[in-house]
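Below is the file start39.txt, which contains compact mmCIF, C-alpha atoms.
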```txt
# COMPACT_ATOMS: atom_id res chain seq x y z
CA MET M 1 135.98 81.42 -95.72
CA LYS M 2 132.27 80.96 -95.21
CA VAL M 3 132.67 78.91 -92.03
CA LEU M 4 135.58 80.67 -90.32
CA PHE M 5 133.39 83.25 -88.64
CA ARG M 6 131.41 80.60 -86.79
CA LEU M 7 134.29 79.39 -84.67
CA ALA M 8 133.57 80.83 -81.23
CA THR M 9 137.21 81.24 -80.33
CA ALA M 10 137.71 83.44 -83.41
CA PHE M 11 134.81 85.83 -82.79
CA VAL M 12 136.98 88.56 -81.32
CA VAL M 13 139.06 88.72 -84.50
CA VAL M 14 135.95 89.40 -86.56
CA LEU M 15 134.33 91.76 -84.10
CA LEU M 16 137.35 93.96 -83.57
CA PHE M 17 136.44 95.83 -86.72
CA VAL M 18 132.69 95.38 -86.75
CA GLN M 19 132.70 97.91 -83.92
CA CYS M 20 133.73 101.52 -84.06
CA LYS M 21 136.77 102.35 -81.94
CA ASP M 22 140.28 102.74 -83.29
CA ASN M 23 142.82 100.33 -81.83
CA PRO M 24 146.53 101.28 -81.79
CA LYS M 25 147.66 97.65 -82.05
CA ASN M 26 149.00 96.01 -85.21
CA LYS M 27 149.96 99.26 -86.93
CA ILE M 28 150.90 98.91 -90.55
CA THR M 29 154.56 98.58 -91.49
CA GLU M 30 156.24 100.76 -94.08
CA LYS M 31 156.84 97.70 -96.21
CA LYS M 32 153.13 96.92 -96.20
CA VAL M 33 152.25 100.50 -97.06
CA VAL M 34 154.44 100.35 -100.14
CA ALA M 35 153.05 96.96 -101.16
CA GLU M 36 149.46 98.11 -100.88
CA ARG M 37 150.20 101.34 -102.71
CA ASN M 38 151.65 99.42 -105.61
CA ALA M 39 148.65 97.06 -105.63
CA VAL M 40 146.12 99.77 -106.41
CA GLU M 41 144.95 99.54 -110.00
CA PRO M 42 145.39 102.54 -112.31
CA VAL M 43 142.43 104.90 -112.16
CA GLN M 44 140.49 106.54 -114.96
CA VAL M 45 140.70 110.27 -115.50
CA ASP M 46 137.54 110.76 -117.59
CA THR M 47 135.14 112.49 -115.22
CA SER M 48 132.13 112.81 -117.53
CA VAL M 49 129.23 110.98 -115.94
CA ILE M 50 125.77 109.73 -116.84
CA LYS M 51 123.36 112.06 -115.05
CA LYS M 52 119.86 111.51 -116.40
CA ARG M 53 117.95 108.26 -116.45
CA PRO M 54 117.68 107.02 -120.04
CA GLU M 55 114.22 107.87 -121.36
CA ASP M 56 113.66 104.37 -122.72
CA ILE M 57 114.22 102.75 -119.32
CA GLU M 58 111.59 102.83 -116.59
CA THR M 59 112.60 102.98 -112.94
CA PRO M 60 112.04 99.49 -111.47
CA PRO M 61 109.45 99.24 -108.67
CA GLY M 62 110.95 99.96 -105.27
CA MET M 63 114.03 101.64 -106.72
CA VAL M 64 115.19 105.24 -107.19
CA TRP M 65 117.39 106.78 -109.89
CA ILE M 66 120.51 108.51 -108.55
CA SER M 67 121.93 111.14 -110.87
CA GLY M 68 125.60 110.76 -111.66
CA GLU M 69 127.98 113.32 -110.14
CA VAL M 70 131.52 114.25 -109.31
CA PHE M 71 131.55 114.63 -105.53
CA LYS M 72 133.81 114.45 -102.49
CA GLN M 73 133.78 111.07 -100.80
CA GLY M 74 134.91 110.83 -97.19
CA ALA M 75 134.72 112.77 -93.94
CA VAL M 76 133.80 116.46 -93.98
CA PRO M 77 136.11 118.86 -92.07
CA GLN M 78 133.57 119.63 -89.31
CA ASP M 79 132.96 115.97 -88.44
CA GLN M 80 134.58 115.57 -85.02
CA MET M 81 133.78 111.84 -84.88
CA ALA M 82 135.47 110.99 -88.18
CA MET M 83 138.00 108.16 -88.06
CA GLY M 84 141.30 107.89 -89.84
CA HIS M 85 140.05 105.44 -92.46
CA GLU M 86 137.39 107.98 -93.53
CA LYS M 87 140.11 110.44 -94.52
CA PRO M 88 141.23 112.17 -96.58
CA ALA M 89 138.14 113.21 -98.49
CA HIS M 90 138.72 112.84 -102.23
CA LYS M 91 136.79 113.54 -105.41
CA VAL M 92 135.23 110.66 -107.33
CA ALA M 93 133.08 110.54 -110.47
CA VAL M 94 130.10 108.18 -110.40
CA ASP M 95 127.64 107.39 -113.20
CA GLY M 96 123.92 107.44 -112.48
CA PHE M 97 122.33 104.21 -111.24
CA PHE M 98 119.21 102.72 -109.68
CA ILE M 99 119.17 101.84 -105.97
CA ASP M 100 116.63 100.21 -103.67
CA ALA M 101 114.62 102.77 -101.71
CA THR M 102 114.87 100.49 -98.66
CA GLU M 103 117.03 97.75 -97.28
CA VAL M 104 116.07 94.30 -98.57
CA THR M 105 113.21 93.11 -96.38
CA ASN M 106 112.31 89.75 -94.88
CA ASN M 107 109.47 89.46 -97.40
CA ALA M 108 111.77 90.06 -100.36
CA PHE M 109 114.41 87.65 -99.10
CA LYS M 110 111.77 85.00 -98.32
CA LYS M 111 110.50 85.19 -101.88
CA PHE M 112 114.05 84.57 -103.10
CA VAL M 113 114.48 81.60 -100.76
CA ASP M 114 111.07 80.14 -101.62
CA GLU M 115 111.85 80.26 -105.34
CA THR M 116 115.42 78.97 -105.14
CA GLY M 117 115.68 76.86 -101.99
CA TYR M 118 118.75 78.86 -100.99
CA VAL M 119 120.27 78.16 -97.56
CA THR M 120 122.18 81.00 -95.91
CA VAL M 121 125.65 80.67 -94.41
CA ALA M 122 124.26 80.93 -90.86
CA GLU M 123 121.95 77.96 -91.50
CA ARG M 124 124.59 75.59 -92.86
CA GLU M 125 126.38 72.78 -91.07
CA ILE M 126 129.98 73.55 -90.17
CA ASP M 127 132.67 71.61 -92.01
CA TRP M 128 135.67 71.23 -89.67
CA GLU M 129 137.91 69.87 -92.43
CA GLU M 130 137.34 73.08 -94.39
CA MET M 131 137.57 75.30 -91.34
CA LYS M 132 140.91 74.02 -90.09
CA LYS M 133 142.55 74.93 -93.41
CA GLN M 134 142.09 78.54 -92.40
CA LEU M 135 143.43 78.21 -88.86
CA PRO M 136 146.95 77.80 -87.41
CA GLU M 137 148.25 74.25 -87.74
CA GLY M 138 147.43 72.19 -84.71
CA THR M 139 144.34 74.15 -83.69
CA PRO M 140 142.15 71.67 -81.78
CA ARG M 141 138.64 70.95 -82.97
CA PRO M 142 136.10 72.94 -80.94
CA HIS M 143 133.53 71.11 -78.86
CA ASP M 144 130.44 69.88 -80.67
CA SER M 145 128.35 72.28 -78.60
CA ILE M 146 129.96 75.13 -80.51
CA MET M 147 130.23 73.53 -83.93
CA GLN M 148 126.61 74.08 -84.85
CA PRO M 149 124.93 76.52 -87.25
CA GLY M 150 124.28 79.94 -85.76
CA SER M 151 125.21 83.60 -85.74
CA LEU M 152 125.98 86.52 -83.44
CA THR M 153 123.20 88.22 -81.53
CA PHE M 154 123.21 91.26 -79.27
CA LYS M 155 122.75 91.12 -75.51
CA LYS M 156 122.55 94.02 -73.10
CA ALA M 157 125.18 94.38 -70.40
CA LYS M 158 123.92 94.31 -66.82
CA SER M 159 125.98 97.29 -65.70
CA THR M 160 128.15 100.11 -67.04
CA VAL M 161 130.90 98.89 -69.35
CA ALA M 162 134.21 100.58 -68.60
CA ASN M 163 136.04 98.99 -71.53
CA LEU M 164 134.08 99.33 -74.75
CA TYR M 165 136.72 97.23 -76.51
CA ASP M 166 135.45 94.11 -74.70
CA PHE M 167 132.80 93.20 -77.23
CA SER M 168 131.98 89.92 -75.49
CA GLN M 169 129.98 91.98 -73.01
CA TRP M 170 127.27 92.57 -75.62
CA TRP M 171 127.72 89.93 -78.32
CA LYS M 172 126.99 86.24 -77.98
CA TRP M 173 127.20 83.25 -80.28
CA THR M 174 123.64 81.95 -80.63
CA ILE M 175 123.04 78.54 -82.12
CA GLY M 176 119.97 78.65 -84.32
CA ALA M 177 120.14 82.39 -85.00
CA ASN M 178 119.65 83.24 -88.68
CA TRP M 179 117.49 85.39 -90.92
CA ARG M 180 114.38 83.42 -89.98
CA HIS M 181 115.21 83.66 -86.27
CA PRO M 182 117.00 87.01 -85.90
CA ASN M 183 117.16 87.08 -82.09
CA GLY M 184 117.73 83.35 -81.62
CA PRO M 185 115.84 80.08 -82.21
CA GLU M 186 112.84 81.16 -80.13
CA SER M 187 112.31 84.28 -82.24
CA ASP M 188 110.76 84.54 -85.68
CA ILE M 189 109.79 87.06 -88.36
CA LYS M 190 106.05 86.54 -88.29
CA GLY M 191 104.40 89.90 -88.86
CA LYS M 192 107.80 91.42 -89.65
CA GLY M 193 107.89 91.04 -93.40
CA ASN M 194 108.69 94.74 -93.82
CA TYR M 195 111.69 94.63 -91.47
CA PRO M 196 115.20 94.50 -92.97
CA VAL M 197 116.53 90.98 -93.36
CA VAL M 198 119.63 90.33 -91.19
CA HIS M 199 122.21 87.62 -90.48
CA ILE M 200 123.16 87.93 -94.14
CA ALA M 201 126.71 86.95 -95.09
CA TYR M 202 128.34 88.41 -98.19
CA GLU M 203 127.75 85.20 -100.14
CA ASP M 204 124.05 85.36 -99.25
CA ALA M 205 123.76 88.93 -100.52
CA LEU M 206 125.44 88.01 -103.80
CA ALA M 207 123.10 85.05 -104.28
CA TYR M 208 120.08 87.31 -103.84
CA CYS M 209 121.53 89.82 -106.28
CA GLU M 210 122.05 87.17 -108.94
CA TRP M 211 118.44 86.02 -108.57
CA ALA M 212 117.09 89.59 -108.69
CA ASN M 213 119.34 90.80 -111.55
CA ARG M 214 120.92 93.31 -109.21
CA ARG M 215 124.32 93.87 -107.63
CA LEU M 216 125.68 95.35 -104.43
CA PRO M 217 126.57 99.07 -104.52
CA THR M 218 130.12 100.27 -104.55
CA GLU M 219 131.08 102.32 -101.53
CA ALA M 220 131.20 105.45 -103.70
CA GLU M 221 127.71 104.78 -105.09
CA TRP M 222 126.34 104.20 -101.61
CA GLU M 223 127.78 107.46 -100.30
CA LEU M 224 126.57 109.47 -103.30
CA ALA M 225 123.07 108.09 -102.80
CA ALA M 226 123.17 108.80 -99.06
CA ARG M 227 124.30 112.41 -99.39
CA GLY M 228 121.50 113.62 -101.60
CA ASN M 229 121.70 117.42 -101.63
CA HIS M 230 123.85 117.49 -98.49
CA LYS M 231 127.23 117.28 -100.17
CA ASN M 232 129.22 118.76 -97.31
CA THR M 233 127.44 117.75 -94.10
CA THR M 234 128.05 115.12 -91.44
CA TYR M 235 124.59 113.57 -91.62
CA PHE M 236 122.15 113.23 -94.49
CA TRP M 237 119.98 115.91 -92.87
CA GLY M 238 122.73 118.38 -91.86
CA ASP M 239 125.42 118.82 -89.22
CA GLU M 240 123.33 118.73 -86.04
CA ASP M 241 122.51 115.51 -84.23
CA LYS M 242 119.77 117.04 -82.04
CA SER M 243 117.07 115.46 -84.19
CA LEU M 244 118.81 112.07 -84.40
CA ASP M 245 115.99 110.15 -82.73
CA GLU M 246 113.59 111.52 -85.35
CA GLN M 247 115.89 110.76 -88.27
CA ALA M 248 117.30 107.30 -87.61
CA ASN M 249 117.11 104.11 -85.58
CA THR M 250 120.13 104.18 -83.26
CA TRP M 251 120.94 103.51 -79.60
CA GLU M 252 119.72 106.19 -77.18
CA GLY M 253 120.90 106.04 -73.60
CA GLU M 254 123.90 104.32 -72.05
CA PHE M 255 125.37 101.74 -74.39
CA PRO M 256 125.12 98.77 -74.00
CA VAL M 257 123.10 98.92 -70.79
CA ILE M 258 120.04 101.12 -71.25
CA ASN M 259 118.20 101.97 -74.44
CA THR M 260 115.61 104.67 -73.82
CA LYS M 261 113.97 103.90 -77.16
CA ALA M 262 113.57 107.61 -77.83
CA ASP M 263 113.40 106.74 -81.54
CA GLY M 264 110.63 104.22 -80.87
CA TYR M 265 112.56 100.95 -81.24
CA GLU M 266 114.77 98.69 -79.15
CA ASP M 267 116.43 96.95 -82.08
CA ARG M 268 115.45 96.73 -85.78
CA ALA M 269 112.66 98.91 -87.11
CA PRO M 270 110.41 98.37 -90.14
CA VAL M 271 111.74 100.02 -93.27
CA LYS M 272 110.32 103.49 -93.92
CA SER M 273 109.93 104.16 -90.18
CA TYR M 274 111.98 107.35 -90.47
CA PRO M 275 112.10 110.20 -93.00
CA PRO M 276 113.85 109.53 -96.30
CA ASN M 277 116.86 111.51 -97.44
CA ASP M 278 116.78 113.97 -100.35
CA ASN M 279 116.83 111.08 -102.83
CA GLY M 280 113.84 109.34 -101.28
CA LEU M 281 115.97 106.62 -99.70
CA TYR M 282 115.17 105.20 -96.27
CA ASP M 283 117.52 104.04 -93.49
CA MET M 284 120.70 105.44 -95.00
CA ALA M 285 121.56 106.06 -91.36
CA GLY M 286 120.98 103.51 -88.63
CA ASN M 287 118.71 100.43 -88.47
CA VAL M 288 121.11 97.85 -89.98
CA TRP M 289 124.54 97.95 -91.59
CA GLU M 290 124.63 97.38 -95.35
CA TRP M 291 127.14 95.43 -97.43
CA THR M 292 128.96 97.08 -100.32
CA GLN M 293 131.03 95.28 -102.96
CA ASP M 294 134.32 97.06 -102.11
CA TRP M 295 137.26 95.37 -100.42
CA TYR M 296 138.19 97.11 -97.19
CA ASN M 297 141.72 98.49 -97.19
CA THR M 298 142.95 100.75 -94.39
CA ASN M 299 145.04 102.79 -96.83
CA TYR M 300 142.59 103.09 -99.71
CA TYR M 301 141.42 106.68 -99.23
CA GLN M 302 145.00 107.92 -98.88
CA GLU M 303 146.03 105.98 -101.97
CA ILE M 304 143.28 107.62 -104.02
CA LYS M 305 144.30 111.05 -102.75
CA ASN M 306 147.96 110.39 -103.53
CA GLN M 307 147.19 109.54 -107.14
CA GLY M 308 146.07 113.10 -107.76
CA VAL M 309 143.32 112.25 -110.23
CA VAL M 310 139.58 111.78 -109.97
CA PRO M 311 138.69 108.08 -110.35
CA LYS M 312 135.59 107.27 -112.37
CA ASN M 313 133.19 104.68 -110.96
CA PRO M 314 135.78 103.48 -108.43
CA GLN M 315 135.44 99.85 -107.44
CA GLY M 316 137.33 100.18 -104.17
CA ALA M 317 140.72 98.84 -103.21
CA ALA M 318 142.40 96.29 -105.47
CA SER M 319 143.05 94.08 -102.47
CA ALA M 320 141.88 93.74 -98.88
CA TYR M 321 144.01 94.96 -96.00
CA ASN M 322 143.14 95.71 -92.38
CA GLU M 323 146.02 97.09 -90.38
CA ARG M 324 144.59 95.48 -87.23
CA ASP M 325 144.43 92.04 -88.83
CA PRO M 326 146.69 91.71 -91.90
CA TYR M 327 145.25 88.28 -92.76
CA ALA M 328 141.63 89.42 -92.88
CA ARG M 329 139.67 89.60 -96.14
CA GLU M 330 136.85 92.03 -95.48
CA LYS M 331 134.29 94.07 -97.37
CA VAL M 332 133.17 97.62 -96.56
CA MET M 333 129.79 98.08 -94.93
CA LYS M 334 127.96 101.38 -94.62
CA GLY M 335 125.16 103.13 -92.78
CA GLY M 336 125.46 102.14 -89.14
CA SER M 337 122.82 100.27 -87.16
CA PHE M 338 120.45 100.35 -84.22
CA LEU M 339 123.48 99.71 -81.98
CA CYS M 340 125.33 102.89 -82.91
CA ASN M 341 125.79 105.38 -80.08
CA ALA M 342 127.95 108.49 -79.82
CA SER M 343 129.68 107.16 -76.70
CA TYR M 344 131.63 104.65 -78.76
CA CYS M 345 130.30 104.74 -82.31
CA ALA M 346 128.54 107.35 -84.40
CA SER M 347 128.33 105.37 -87.60
CA TYR M 348 125.07 106.97 -88.65
CA ARG M 349 127.34 109.62 -90.19
CA ILE M 350 127.45 109.56 -94.00
CA SER M 351 131.19 108.95 -94.26
CA SER M 352 131.24 106.16 -91.67
CA ARG M 353 132.69 102.94 -92.99
CA MET M 354 133.37 99.66 -91.26
CA ALA M 355 134.56 96.27 -92.42
CA THR M 356 133.57 92.71 -91.77
CA SER M 357 134.66 89.35 -93.11
CA LEU M 358 132.88 87.69 -96.01
CA ASP M 359 131.35 85.01 -93.80
CA SER M 360 130.10 87.39 -91.12
CA SER M 361 126.42 87.16 -90.26
CA LEU M 362 125.15 89.46 -87.55
CA GLU M 363 121.90 90.63 -86.01
CA HIS M 364 122.49 94.15 -87.36
CA LEU M 365 123.82 93.43 -90.87
CA GLY M 366 121.74 93.43 -94.05
CA PHE M 367 121.97 94.98 -97.52
CA ARG M 368 120.29 96.86 -100.36
CA THR M 369 120.89 96.44 -104.08
CA VAL M 370 121.60 98.62 -107.10
CA ALA M 371 121.40 98.27 -110.87
CA SER M 372 122.89 100.17 -113.78
CA ALA M 373 120.67 101.37 -116.60
CA GLU M 374 122.32 98.77 -118.81
CA MET M 375 121.39 95.95 -116.38
CA ILE M 376 117.73 96.99 -116.46
CA LYS M 377 117.77 97.35 -120.24
CA ASN M 378 119.22 93.87 -120.70
CA GLN M 379 116.72 92.41 -118.29
```
So, in terms of structure tokens, how does the structure I just supplied come out?
Amino acid sequence: MKVLFRLATAFVVVLLFVQCKDNPKNKITEKKVVAERNAVEPVQVDTSVIKKRPEDIETPPGMVWISGEVFKQGAVPQDQMAMGHEKPAHKVAVDGFFIDATEVTNNAFKKFVDETGYVTVAEREIDWEEMKKQLPEGTPRPHDSIMQPGSLTFKKAKSTVANLYDFSQWWKWTIGANWRHPNGPESDIKGKGNYPVVHIAYEDALAYCEWANRRLPTEAEWELAARGNHKNTTYFWGDEDKSLDEQANTWEGEFPVINTKADGYEDRAPVKSYPPNDNGLYDMAGNVWEWTQDWYNTNYYQEIKNQGVVPKNPQGAASAYNERDPYAREKVMKGGSFLCNASYCASYRISSRMATSLDSSLEHLGFRTVASAEMIKNQ
């Protein structure tokens, strides 16, 4: 899986769901609905949760304790931009946990790489023998000019884009793009140690977590942490988007042609550039998307609702399923990015959720980590 994303001819398949518009194609069949419903694991009904941080455990540097709660996950009724896969809202019970106050930075990731010698997916040579196992039989080998390590980077369109489904108008495959060179081989991260690390595939995030004695958050944990005291609002600061440019790093102006930089940045911003939410967490809206550990399944929220009980510490869908691409194996990502714009995507909303394949590495995709009290105690 870790090389499939790099095949240029397959980019559209991956990008169809990295972006934010619903597509009526490939609607799920009734047979598939039943199969996925039956695949969901039984849920727990004990809704008692760990609220307070254990007194014998100190909060790790750079992290925040999130009190456990029973809360409603998913789109709030007044959210006019909510998509079908954010509904219906449903109660979940989540134990307290520690979470990074910021997205993992270039400095933090560099320390990991320096100590371990780790090489990210975007930096690795492409193995055609492995790749063709995941493609239709008879698929010809791409030209050598394409079969080189790289990742997807953003490019502005030269004029108004009538069809915002044509992602090729603002994404390009860039050989040599990776976490060290986020905008392409001529770019670097010198002086940007406090910027969020990007071009991180799921495997890369897991490797960092193992080194740091951390893990990726579940989708429910991420949303609980993002909401803070705003349990029933569209954004972490309320329901109005008038102060968006003061609250988050997003795209202002006509996407993807003109960015007015009303929020101060063209693309990524240093962590802590905008106000934290009620929990003291930064960039829970905008800047870069963040991986979670949950499989993406189009039907998952409805399945939880249909069960009629409150799941405790839900781990997401038992299996991956994207109604637009039944063969995809994708994880949920949260938080939106500097490319989100209300004209086609308002994923700086708390309930926003998108999916991308395990081997995806993009200019606007990073992560933050969490840890249970037990993980810190054992450490």
Can you measure CA of Ser352 in chain M to CA of Trp289 in chain M for me? One decimal in Å is fine.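 One can read the CA of Ser352 in chain M to CA of Trp289 in chain M distance as 10.6 Å.
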One decimal, Å: what's the distance from CA of Met354 in chain M over to CA of Lys334 in chain M, could you say? 6.6 Å
Rounded to one decimal place, report the CA of Pro276 in chain M-CA of Ser48 in chain M distance in Å. 28.2 Å
Could you tell me which of M:Glu186, M:Asp144, M:Asp283, M:Glu290 comes closest to Pro217 in chain M if we count all atoms listed in the file?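 Checking each of M:Glu186, M:Asp144, M:Asp283, M:Glu290 against Pro217 in chain M, counting all atoms listed in the file, the winner is M:Glu290.
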Nearest residue to Asp166 in chain M out of M:Pro270, M:Trp128, M:Tyr344, M:Trp295, using all atoms listed in the file? M:Tyr344
Write out, as a tab-separated table, each residue of range 71-139 of chain M that has an atom at most 8 Å from range 188-209 of chain M, together with the closest pair of atoms and their distance in Å to one decimal, counting only C-alpha atoms, rows going by chain and rising number.
```
residue	atom	partner	partner_atom	distance
M:Glu103	CA	M:Pro196	CA	5.7
M:Val104	CA	M:Pro196	CA	5.7
M:Thr105	CA	M:Pro196	CA	4.2
M:Asn106	CA	M:Val197	CA	4.7
M:Asn107	CA	M:Gly193	CA	4.6
M:Phe109	CA	M:Val197	CA	7.0
M:Phe112	CA	M:Tyr208	CA	6.7
M:Thr120	CA	M:Asp204	CA	5.8
M:Val121	CA	M:Ala201	CA	6.4
M:Ala122	CA	M:His199	CA	7.0
```
Dump as a ChimeraX atom specification all residues having an atom at most 9 Å from (122.2, 97.7, -70.6), computed in the file's coordinates with all atoms listed in the file. /M:155-161,170,253-259
Sel. within 8 Å of pt (132.0, 117.4, -100.5), counting only C-alpha atoms, output as a tab-separated table (two decimals) with C-alpha atoms, in the coordinates of the input:
```tsv
chain	number	residue	atom	x	y	z
M	71	PHE	CA	131.55	114.63	-105.53
M	72	LYS	CA	133.81	114.45	-102.49
M	73	GLN	CA	133.78	111.07	-100.80
M	74	GLY	CA	134.91	110.83	-97.19
M	76	VAL	CA	133.80	116.46	-93.98
M	89	ALA	CA	138.14	113.21	-98.49
M	91	LYS	CA	136.79	113.54	-105.41
M	231	LYS	CA	127.23	117.28	-100.17
M	232	ASN	CA	129.22	118.76	-97.31
M	233	THR	CA	127.44	117.75	-94.10
```
Restrict the output to range 303-319 of chain M and N, CA, C and O atoms, then write it as a PDB file, in the first residue's frame.
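In the end it all went to part-v1.pdb:
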```pdb
ATOM      1  N   GLU M 303     -24.310   3.640  11.558  1.00  0.00           N
ATOM      2  CA  GLU M 303     -24.253   2.347  12.239  1.00  0.00           C
ATOM      3  C   GLU M 303     -24.258   2.532  13.760  1.00  0.00           C
ATOM      4  O   GLU M 303     -24.949   1.815  14.482  1.00  0.00           O
ATOM      5  N   ILE M 304     -23.471   3.486  14.236  1.00  0.00           N
ATOM      6  CA  ILE M 304     -23.432   3.758  15.672  1.00  0.00           C
ATOM      7  C   ILE M 304     -24.811   4.198  16.155  1.00  0.00           C
ATOM      8  O   ILE M 304     -25.312   3.737  17.193  1.00  0.00           O
ATOM      9  N   LYS M 305     -25.442   5.081  15.419  1.00  0.00           N
ATOM     10  CA  LYS M 305     -26.768   5.569  15.788  1.00  0.00           C
ATOM     11  C   LYS M 305     -27.772   4.431  15.818  1.00  0.00           C
ATOM     12  O   LYS M 305     -28.609   4.337  16.726  1.00  0.00           O
ATOM     13  N   ASN M 306     -27.692   3.542  14.842  1.00  0.00           N
ATOM     14  CA  ASN M 306     -28.653   2.435  14.746  1.00  0.00           C
ATOM     15  C   ASN M 306     -28.527   1.456  15.909  1.00  0.00           C
ATOM     16  O   ASN M 306     -29.488   0.776  16.260  1.00  0.00           O
ATOM     17  N   GLN M 307     -27.357   1.375  16.492  1.00  0.00           N
ATOM     18  CA  GLN M 307     -27.156   0.425  17.584  1.00  0.00           C
ATOM     19  C   GLN M 307     -27.896   0.843  18.852  1.00  0.00           C
ATOM     20  O   GLN M 307     -28.184  -0.004  19.707  1.00  0.00           O
ATOM     21  N   GLY M 308     -28.174   2.119  18.982  1.00  0.00           N
ATOM     22  CA  GLY M 308     -28.988   2.584  20.099  1.00  0.00           C
ATOM     23  C   GLY M 308     -28.326   2.580  21.455  1.00  0.00           C
ATOM     24  O   GLY M 308     -29.014   2.684  22.468  1.00  0.00           O
ATOM     25  N   VAL M 309     -27.010   2.448  21.498  1.00  0.00           N
ATOM     26  CA  VAL M 309     -26.288   2.503  22.760  1.00  0.00           C
ATOM     27  C   VAL M 309     -25.144   3.493  22.620  1.00  0.00           C
ATOM     28  O   VAL M 309     -24.789   3.900  21.524  1.00  0.00           O
ATOM     29  N   VAL M 310     -24.574   3.867  23.763  1.00  0.00           N
ATOM     30  CA  VAL M 310     -23.465   4.812  23.750  1.00  0.00           C
ATOM     31  C   VAL M 310     -22.154   4.033  23.797  1.00  0.00           C
ATOM     32  O   VAL M 310     -21.848   3.403  24.815  1.00  0.00           O
ATOM     33  N   PRO M 311     -21.364   4.037  22.717  1.00  0.00           N
ATOM     34  CA  PRO M 311     -20.101   3.297  22.745  1.00  0.00           C
ATOM     35  C   PRO M 311     -19.074   3.983  23.637  1.00  0.00           C
ATOM     36  O   PRO M 311     -19.019   5.210  23.712  1.00  0.00           O
ATOM     37  N   LYS M 312     -18.291   3.176  24.328  1.00  0.00           N
ATOM     38  CA  LYS M 312     -17.246   3.719  25.193  1.00  0.00           C
ATOM     39  C   LYS M 312     -15.887   3.590  24.510  1.00  0.00           C
ATOM     40  O   LYS M 312     -15.524   2.526  24.026  1.00  0.00           O
ATOM     41  N   ASN M 313     -15.165   4.709  24.465  1.00  0.00           N
ATOM     42  CA  ASN M 313     -13.862   4.758  23.801  1.00  0.00           C
ATOM     43  C   ASN M 313     -13.912   4.106  22.422  1.00  0.00           C
ATOM     44  O   ASN M 313     -13.151   3.170  22.127  1.00  0.00           O
ATOM     45  N   PRO M 314     -14.816   4.570  21.561  1.00  0.00           N
ATOM     46  CA  PRO M 314     -14.949   3.956  20.234  1.00  0.00           C
ATOM     47  C   PRO M 314     -13.652   4.055  19.443  1.00  0.00           C
ATOM     48  O   PRO M 314     -12.964   5.073  19.486  1.00  0.00           O
ATOM     49  N   GLN M 315     -13.358   2.984  18.738  1.00  0.00           N
ATOM     50  CA  GLN M 315     -12.134   2.905  17.941  1.00  0.00           C
ATOM     51  C   GLN M 315     -12.400   3.116  16.454  1.00  0.00           C
ATOM     52  O   GLN M 315     -11.507   2.910  15.625  1.00  0.00           O
ATOM     53  N   GLY M 316     -13.622   3.536  16.124  1.00  0.00           N
ATOM     54  CA  GLY M 316     -13.959   3.742  14.719  1.00  0.00           C
ATOM     55  C   GLY M 316     -14.541   2.494  14.095  1.00  0.00           C
ATOM     56  O   GLY M 316     -14.814   1.495  14.763  1.00  0.00           O
ATOM     57  N   ALA M 317     -14.716   2.547  12.800  1.00  0.00           N
ATOM     58  CA  ALA M 317     -15.322   1.439  12.063  1.00  0.00           C
ATOM     59  C   ALA M 317     -14.439   0.196  12.137  1.00  0.00           C
ATOM     60  O   ALA M 317     -13.209   0.286  12.209  1.00  0.00           O
ATOM     61  N   ALA M 318     -15.078  -0.972  12.101  1.00  0.00           N
ATOM     62  CA  ALA M 318     -14.336  -2.229  12.132  1.00  0.00           C
ATOM     63  C   ALA M 318     -13.593  -2.470  10.830  1.00  0.00           C
ATOM     64  O   ALA M 318     -12.597  -3.191  10.796  1.00  0.00           O
ATOM     65  N   SER M 319     -14.070  -1.870   9.756  1.00  0.00           N
ATOM     66  CA  SER M 319     -13.423  -2.036   8.458  1.00  0.00           C
ATOM     67  C   SER M 319     -13.586  -0.761   7.645  1.00  0.00           C
ATOM     68  O   SER M 319     -14.488   0.044   7.886  1.00  0.00           O
TER      69      SER M 319
END
```
